[in-house]
Amino acid sequence: MPALHALANPARFLRIARPLTPILFWIGVALVLFGCWAGLTLTPPDAVQKESARILYIHVPSAWLGMGGWSGLAIACLSYLIWRHPLASVAARAIAPAGATFAALCLLTGSIWGRPTWGTWWEWDGRLTSMLLLFFVYIAWIALDRADAERSGDGRVPALFGVAGSALLPIVHYSVIWWNTLHQGESVVTGKIHISLLWPLFFTLAGFTLFFAGVVLMRMRAILASQKVEARLRRMAAA
């Protein structure tokens with residue numbers, strides 16, 4: 001616990017985040033580029049889905065980070081509610097737009113994949129519908145957080161919403177099991193995809209995750225800098 005409180009100090013956080021941000025960001029970009037290149041040039045077409053299966057190198061990491069982003073946001077919100085660390089609120093604000101972007105990318109790539117596979121751009125499938133709801137929940141949280149900040153709220157309402165919204169995550173994850181759905185079931189962890197097609201996914205999955213972490217740290221630093229400027233302006237106005 002003392003270590004957690006130490007990391008919650010903005011000054012200590014910034015000393016770690018400044019050098020770590022470009023490292024995570026650029027290693028992530030490099031891994032994503034290599035994974036996409038390998039997936040497009042070094043792997044064979046899927047036996048059933050042919051060339052359309054290659055979209056998994058972007059679709060799977062997007063789905064993972066769309067859900068993982070909300071998990072991180074919920075943990076940050078819970079930490080804020082329990083310990084009232086302002087840095088936890090900053091982390092939630094930094095995570096939300098990044099998570100929403102990857103949720104949207106998941107929906108977009110899923111639609112692109114669905115057109116040749118299902119014959120339609122969109123189907124009110126259990127997985128697609130629940131992921132769309134998660135995207136809307138992201139947007140709702142961002143709007144609620146901004147409204148709370150504009151009325152000088154204490155951040156508890158967005159934090160409560162962030163924790164409550166995590167109830168949607170098991171619905172997204174288990175939707176292919178609970179409902180009769182067009183979306184294929186778990187394929188990566190069950191070994192349904194041959195390793196000759198699968199191996200570049202590990203690079204894009206790691207790359208997008210590091211990229212996501214770098215973007216979140218970048219946004220946290222920007223939010224802290226903005227708060228510092230605002231505090232200085234208020235002191236100058238009061239002087």
# chains A, B, ... in the order shown; residues from 1 in each chain; ligands from 1
$ residues_around --residues "segment 74-79 of chain A" --least-positions-apart "3" --cutoff "9 Å" --atoms "only C-alpha atoms" --output "list in words"
Gly69, Trp70, Ser71, Ile82, Trp83, Arg84, His85, Leu87, Ala88, Ser89, Val90, Ala91, Ala92, Arg156, Pro158, Ala159, Leu160, Phe161, Gly162, Val163, Ala164, Gly165 and Ser166 of chain A
$ select_by_dssp --residues "segment 116-212 of chain A" --states "alpha helix (DSSP H)" --output "number ranges by chain"
A: 116-118, 126-150, 156-164, 168-178, 195-212
$ residues_around --residues "Tyr138 of chain A" --least-positions-apart "6" --cutoff "8 Å" --atoms "only C-alpha atoms" --output "list in words"
Trp70, Ala96, Pro97, Gly99 and Ala100 of chain A
$ closest_residue --among "A:Leu65, A:Met131, A:Ala53, A:Leu42" --to "Trp199 of chain A" --atoms "only C-alpha atoms"
A:Leu42
$ closest_atom_pairs --of "segment 76-151 of chain A" --to "segment 203-219 of chain A" --cutoff "8 Å" --atoms "only C-alpha atoms" --output "tab-separated table"
residue	atom	partner	partner_atom	distance
A:Ala91	CA	A:Val216	CA	7.5
A:Ala94	CA	A:Arg219	CA	5.2
A:Ile95	CA	A:Val216	CA	5.7
A:Ala98	CA	A:Phe212	CA	7.0
$ write_last_selection --atoms "C-alpha atoms" --output "compact mmCIF listing (two decimals), in the first residue's frame"
# COMPACT_ATOMS: atom_id res chain seq x y z
CA ALA A 91 -5.96 7.98 -15.30
CA ALA A 94 -6.86 9.47 -20.06
CA ILE A 95 -8.06 5.91 -20.63
CA ALA A 98 -8.31 5.63 -26.02
$ residues_around --residues "Phe136 of chain A" --least-positions-apart "4" --cutoff "10 Å" --atoms "only C-alpha atoms" --output "PyMOL selection string"
chain A and resi 100+103-104+130-132+140-142
$ closest_residue --among "A:Ser152, A:Gln227, A:Thr117, A:Ser175" --to "Thr129 of chain A" --atoms "only C-alpha atoms"
A:Ser175
$ atom_distance --atom1 "atom CA of Ala11 of chain A" --atom2 "atom CA of Ala225 of chain A"
11.2 Å
$ closest_residue --among "A:Arg151, A:Lys50, A:Phe25, A:Arg93" --to "Leu73 of chain A" --atoms "only C-alpha atoms"
A:Arg93
